[in-house]
Amino acid sequence: MEAIKEAPIPAMDSLTAAMKNNIVPNQEYLLQGSVLDSAVEVLLHRLRGLCDNVDSGPETFHDHEMCFSIRSVTPQPLTLRVRRAIDYLDMPYQLRYIGQPELGDKSRPTILRNSIDVATTPTIVDFLTEMGFRMDFEYILRGYMFRKGRMKITVSKIFKMMVVGKPAPESVDPISQSYLVELSVLAPSNQDAIAEDMRVFAEQLKPLVHLEKVDYKRLTQPPL
């Protein structure tokens, strides 16, 4: 007697079920800070001692990121980011949606924002353009990535591109004399205990770097 084959579950149904069961890591807990070029080696040494990949050393990255936006009926435009690895041309592109930061809960020690990452083919840029998205800006990131359990720590040097679409070393300039430091965790909803773990880890990096909740709205407001 032949076994009865069950019909495959549609992809959207699977995603909807995963969202309802709270197993999709669609929220990012985030702390940010910066460190001067002259002090970055000391910070990297501290991270090597604190993080999991102490034997192999940190991962390095050299990425090109593009920010696209499209106007909609809401006051805020929809923004998507596309990132590709410059050193590994066979790696898939990464399409990322980042929501507006939530700062409401003052007791939470981190920023909380929606975040969804999807691997794509290089044609994603043409696809977004045909949909009506326009590229607002692009830049180069070069730096180091560490892991501590579920936490990810990146130390990034950001470069502006002097020629649009050409990330060659001779056509980029650093935007500052410092590195951006980010501590983040991607997790399902209602995992606020992670934020406390991040606060404790951030304390161990002081006074080399002060990782904080950055209020982007205050940064964009004109001075009184």
# chains A, B, ... in the order shown; residues from 1 in each chain; ligands from 1
$ closest_atom_pairs --of "segment 135-155 of chain A" --to "segment 48-71 of chain A" --cutoff "7 Å" --atoms "only C-alpha atoms" --output "tab-separated table"
residue	atom	partner	partner_atom	distance
A:Met135	CA	A:Phe68	CA	4.3
A:Asp136	CA	A:Phe68	CA	5.7
A:Phe137	CA	A:Cys67	CA	5.6
A:Glu138	CA	A:Met66	CA	4.3
A:Tyr139	CA	A:Glu65	CA	5.6
A:Ile140	CA	A:His64	CA	4.7
A:Leu141	CA	A:Asp63	CA	5.2
A:Arg142	CA	A:His62	CA	4.4
A:Gly143	CA	A:Phe61	CA	5.5
A:Tyr144	CA	A:Thr60	CA	4.5
A:Met145	CA	A:Glu59	CA	5.1
A:Phe146	CA	A:Pro58	CA	5.3
A:Arg147	CA	A:Asp52	CA	5.7
A:Lys148	CA	A:Cys51	CA	4.9
$ closest_atom_pairs --of "segment 76-187 of chain A" --to "segment 194-198 of chain A" --cutoff "10 Å" --atoms "only C-alpha atoms" --output "CSV"
residue,atom,partner,partner_atom,distance
A:Ser107,CA,A:Glu196,CA,9.9
A:Arg108,CA,A:Ala195,CA,6.7
A:Pro109,CA,A:Ala195,CA,6.0
A:Thr110,CA,A:Ala195,CA,5.8
A:Ile111,CA,A:Ala195,CA,8.7
A:Leu112,CA,A:Ala195,CA,9.0
A:Lys148,CA,A:Met198,CA,9.9
A:Arg150,CA,A:Ile194,CA,8.8
A:Met151,CA,A:Met198,CA,7.5
A:Lys152,CA,A:Met198,CA,9.9
A:Leu183,CA,A:Met198,CA,7.4
A:Ser184,CA,A:Met198,CA,7.9
A:Val185,CA,A:Ile194,CA,7.7
A:Leu186,CA,A:Ile194,CA,9.7
A:Ala187,CA,A:Ile194,CA,8.6
$ atom_distance --atom1 "atom CA of Val42 of chain A" --atom2 "atom CA of Ala193 of chain A"
29.2 Å
$ select_by_dssp --residues "segment 148-215 of chain A" --states "alpha helix (DSSP H)" --output "PyMOL selection string"
chain A and resi 193-203
$ select_by_dssp --residues "segment 71-214 of chain A" --states "strand (DSSP E)" --output "compact mmCIF listing (two decimals) with N, CA, C and O atoms, in the first residue's frame"
# COMPACT_ATOMS: atom_id res chain seq x y z
N LEU A 78 10.14 54.31 2.09
CA LEU A 78 10.62 52.95 2.32
C LEU A 78 12.09 52.89 1.91
O LEU A 78 12.44 53.26 0.78
N THR A 79 12.93 52.43 2.83
CA THR A 79 14.37 52.37 2.58
C THR A 79 14.86 50.94 2.63
O THR A 79 14.51 50.19 3.54
N LEU A 80 15.66 50.55 1.63
CA LEU A 80 16.28 49.23 1.58
C LEU A 80 17.78 49.40 1.35
O LEU A 80 18.20 50.33 0.65
N ARG A 81 18.55 48.50 1.91
CA ARG A 81 20.00 48.54 1.74
C ARG A 81 20.48 47.28 1.03
O ARG A 81 20.01 46.18 1.32
N VAL A 82 21.40 47.47 0.12
CA VAL A 82 22.01 46.35 -0.60
C VAL A 82 23.50 46.36 -0.30
O VAL A 82 24.17 47.39 -0.46
N ARG A 83 24.00 45.22 0.15
CA ARG A 83 25.43 45.12 0.48
C ARG A 83 26.05 43.96 -0.28
O ARG A 83 25.44 42.91 -0.42
N ARG A 84 27.26 44.17 -0.76
CA ARG A 84 27.98 43.10 -1.44
C ARG A 84 29.42 43.07 -0.95
O ARG A 84 29.99 44.10 -0.57
N ALA A 85 30.01 41.88 -0.95
CA ALA A 85 31.40 41.72 -0.54
C ALA A 85 32.30 42.03 -1.73
O ALA A 85 32.12 41.48 -2.82
N TYR A 93 24.58 38.82 -2.86
CA TYR A 93 24.29 40.15 -2.34
C TYR A 93 23.33 40.02 -1.15
O TYR A 93 22.61 39.03 -1.03
N GLN A 94 23.33 41.01 -0.26
CA GLN A 94 22.43 41.01 0.88
C GLN A 94 21.48 42.19 0.77
O GLN A 94 21.91 43.34 0.67
N LEU A 95 20.19 41.89 0.76
CA LEU A 95 19.16 42.93 0.77
C LEU A 95 18.64 43.05 2.20
O LEU A 95 18.27 42.04 2.82
N ARG A 96 18.60 44.29 2.71
CA ARG A 96 18.22 44.47 4.11
C ARG A 96 17.20 45.58 4.28
O ARG A 96 17.35 46.67 3.73
N TYR A 97 16.17 45.25 5.05
CA TYR A 97 15.20 46.27 5.48
C TYR A 97 15.46 46.59 6.94
O TYR A 97 15.59 45.67 7.78
N ILE A 98 15.57 47.87 7.28
CA ILE A 98 15.77 48.31 8.66
C ILE A 98 14.65 49.28 9.01
O ILE A 98 14.47 50.30 8.33
N ILE A 111 18.86 50.18 21.59
CA ILE A 111 17.89 50.48 20.53
C ILE A 111 17.24 49.17 20.09
O ILE A 111 17.87 48.11 20.12
N LEU A 112 15.99 49.23 19.68
CA LEU A 112 15.30 48.08 19.10
C LEU A 112 14.69 48.51 17.78
O LEU A 112 14.01 49.54 17.70
N ARG A 113 14.95 47.75 16.72
CA ARG A 113 14.39 48.09 15.41
C ARG A 113 14.12 46.81 14.63
O ARG A 113 14.81 45.80 14.81
N ASN A 114 13.12 46.87 13.77
CA ASN A 114 12.83 45.74 12.89
C ASN A 114 13.96 45.59 11.87
O ASN A 114 14.48 46.59 11.36
N SER A 115 14.32 44.37 11.56
CA SER A 115 15.40 44.13 10.61
C SER A 115 15.19 42.79 9.93
O SER A 115 14.98 41.77 10.58
N ILE A 116 15.21 42.80 8.59
CA ILE A 116 15.05 41.58 7.80
C ILE A 116 16.14 41.53 6.75
O ILE A 116 16.33 42.49 5.99
N ASP A 117 16.90 40.44 6.71
CA ASP A 117 17.98 40.24 5.74
C ASP A 117 17.63 39.10 4.80
O ASP A 117 17.15 38.05 5.23
N VAL A 118 17.91 39.32 3.51
CA VAL A 118 17.64 38.30 2.49
C VAL A 118 18.83 38.23 1.54
O VAL A 118 19.33 39.26 1.08
N ALA A 119 19.31 37.02 1.26
CA ALA A 119 20.37 36.84 0.25
C ALA A 119 19.76 36.93 -1.14
O ALA A 119 18.68 36.37 -1.39
N THR A 120 20.43 37.63 -2.04
CA THR A 120 19.89 37.82 -3.39
C THR A 120 21.00 37.65 -4.44
O THR A 120 22.17 37.51 -4.10
N ARG A 134 15.31 54.67 -5.93
CA ARG A 134 16.49 55.41 -6.38
C ARG A 134 17.57 55.30 -5.32
O ARG A 134 17.28 55.22 -4.11
N MET A 135 18.82 55.31 -5.75
CA MET A 135 19.92 55.19 -4.80
C MET A 135 20.21 56.55 -4.19
O MET A 135 20.48 57.52 -4.90
N ASP A 136 20.13 56.62 -2.86
CA ASP A 136 20.38 57.88 -2.16
C ASP A 136 21.88 58.10 -1.92
O ASP A 136 22.37 59.21 -2.06
N PHE A 137 22.57 57.04 -1.52
CA PHE A 137 24.00 57.15 -1.26
C PHE A 137 24.62 55.76 -1.23
O PHE A 137 23.92 54.75 -1.15
N GLU A 138 25.93 55.72 -1.28
CA GLU A 138 26.68 54.46 -1.20
C GLU A 138 28.00 54.73 -0.49
O GLU A 138 28.49 55.87 -0.46
N TYR A 139 28.56 53.69 0.07
CA TYR A 139 29.83 53.83 0.79
C TYR A 139 30.51 52.48 0.92
O TYR A 139 29.92 51.43 0.61
N ILE A 140 31.74 52.53 1.38
CA ILE A 140 32.54 51.32 1.57
C ILE A 140 32.77 51.11 3.07
O ILE A 140 33.04 52.06 3.80
N LEU A 141 32.65 49.87 3.52
CA LEU A 141 32.98 49.51 4.90
C LEU A 141 34.12 48.50 4.88
O LEU A 141 34.08 47.53 4.12
N ARG A 142 35.09 48.74 5.73
CA ARG A 142 36.21 47.81 5.86
C ARG A 142 36.51 47.65 7.34
O ARG A 142 36.63 48.64 8.06
N GLY A 143 36.59 46.40 7.81
CA GLY A 143 36.83 46.25 9.24
C GLY A 143 36.85 44.82 9.72
O GLY A 143 37.20 43.89 8.98
N TYR A 144 36.42 44.65 10.99
CA TYR A 144 36.55 43.38 11.69
C TYR A 144 35.22 43.02 12.35
O TYR A 144 34.49 43.90 12.81
N MET A 145 34.95 41.71 12.42
CA MET A 145 33.74 41.24 13.08
C MET A 145 34.09 40.17 14.11
O MET A 145 34.86 39.24 13.83
N PHE A 146 33.54 40.33 15.31
CA PHE A 146 33.74 39.39 16.41
C PHE A 146 32.38 38.80 16.81
O PHE A 146 31.33 39.41 16.57
N ARG A 147 32.43 37.63 17.46
CA ARG A 147 31.22 37.00 17.99
C ARG A 147 31.40 36.71 19.48
O ARG A 147 32.47 36.32 19.93
N LYS A 148 30.32 36.94 20.22
CA LYS A 148 30.26 36.56 21.63
C LYS A 148 28.89 35.98 21.88
O LYS A 148 27.93 36.70 22.12
N MET A 151 25.81 37.59 20.26
CA MET A 151 26.15 38.97 19.96
C MET A 151 27.16 39.07 18.83
O MET A 151 28.06 38.25 18.73
N LYS A 152 27.00 40.10 18.00
CA LYS A 152 27.94 40.40 16.94
C LYS A 152 28.52 41.78 17.18
O LYS A 152 27.79 42.73 17.45
N ILE A 153 29.85 41.88 17.10
CA ILE A 153 30.53 43.16 17.29
C ILE A 153 31.31 43.46 16.02
O ILE A 153 32.12 42.65 15.58
N THR A 154 31.03 44.62 15.43
CA THR A 154 31.78 45.04 14.24
C THR A 154 32.52 46.34 14.53
O THR A 154 32.02 47.22 15.23
N VAL A 155 33.73 46.41 13.99
CA VAL A 155 34.56 47.62 14.07
C VAL A 155 34.85 48.01 12.62
O VAL A 155 35.60 47.34 11.93
N SER A 156 34.23 49.10 12.17
CA SER A 156 34.21 49.42 10.74
C SER A 156 34.80 50.80 10.45
O SER A 156 34.47 51.78 11.13
N LYS A 157 35.62 50.84 9.42
CA LYS A 157 36.07 52.11 8.85
C LYS A 157 35.18 52.39 7.65
O LYS A 157 35.02 51.53 6.77
N ILE A 158 34.60 53.59 7.59
CA ILE A 158 33.67 53.93 6.53
C ILE A 158 34.35 54.90 5.56
O ILE A 158 34.98 55.87 5.97
N PHE A 159 34.22 54.60 4.27
CA PHE A 159 34.83 55.40 3.22
C PHE A 159 33.77 55.94 2.27
O PHE A 159 32.84 55.22 1.91
N LYS A 160 33.88 57.20 1.89
CA LYS A 160 33.01 57.74 0.86
C LYS A 160 33.63 57.47 -0.50
O LYS A 160 34.86 57.42 -0.65
N MET A 161 32.77 57.29 -1.50
CA MET A 161 33.23 56.96 -2.84
C MET A 161 33.29 58.23 -3.67
O MET A 161 32.31 58.95 -3.80
N VAL A 172 38.39 56.14 -3.10
CA VAL A 172 37.63 56.25 -1.85
C VAL A 172 38.43 57.05 -0.84
O VAL A 172 39.67 57.07 -0.88
N ASP A 173 37.71 57.71 0.06
CA ASP A 173 38.32 58.52 1.11
C ASP A 173 37.63 58.23 2.43
O ASP A 173 36.39 58.13 2.47
N PRO A 174 38.38 58.09 3.55
CA PRO A 174 37.71 57.90 4.84
C PRO A 174 36.89 59.12 5.21
O PRO A 174 37.30 60.26 4.96
N SER A 178 38.02 58.01 12.64
CA SER A 178 37.57 57.08 13.67
C SER A 178 36.90 55.87 13.03
O SER A 178 36.62 55.86 11.83
N TYR A 179 36.66 54.87 13.86
CA TYR A 179 35.97 53.65 13.46
C TYR A 179 34.59 53.61 14.12
O TYR A 179 34.44 54.01 15.29
N LEU A 180 33.60 53.11 13.38
CA LEU A 180 32.27 52.87 13.94
C LEU A 180 32.28 51.51 14.63
O LEU A 180 32.72 50.51 14.04
N VAL A 181 31.79 51.46 15.86
CA VAL A 181 31.72 50.21 16.62
C VAL A 181 30.25 49.91 16.89
O VAL A 181 29.52 50.76 17.42
N GLU A 182 29.81 48.72 16.52
CA GLU A 182 28.41 48.33 16.71
C GLU A 182 28.32 46.97 17.40
O GLU A 182 29.02 46.03 17.04
N LEU A 183 27.45 46.90 18.38
CA LEU A 183 27.14 45.66 19.10
C LEU A 183 25.68 45.36 18.83
O LEU A 183 24.80 46.17 19.12
N SER A 184 25.40 44.19 18.24
CA SER A 184 24.03 43.90 17.82
C SER A 184 23.68 42.44 18.01
O SER A 184 24.56 41.56 18.07
N VAL A 185 22.37 42.19 18.10
CA VAL A 185 21.82 40.83 18.16
C VAL A 185 20.54 40.82 17.34
O VAL A 185 19.67 41.68 17.52
N LEU A 186 20.41 39.86 16.43
CA LEU A 186 19.16 39.61 15.72
C LEU A 186 18.40 38.53 16.47
O LEU A 186 18.95 37.46 16.75
N ALA A 187 17.13 38.80 16.80
CA ALA A 187 16.37 37.86 17.61
C ALA A 187 14.89 37.98 17.28
O ALA A 187 14.46 38.97 16.69
$ atom_distance --atom1 "atom CA of Leu47 of chain A" --atom2 "atom CA of Gln204 of chain A"
9.5 Å
$ atom_distance --atom1 "atom CA of Ser34 of chain A" --atom2 "atom CA of Leu208 of chain A"
9.3 Å
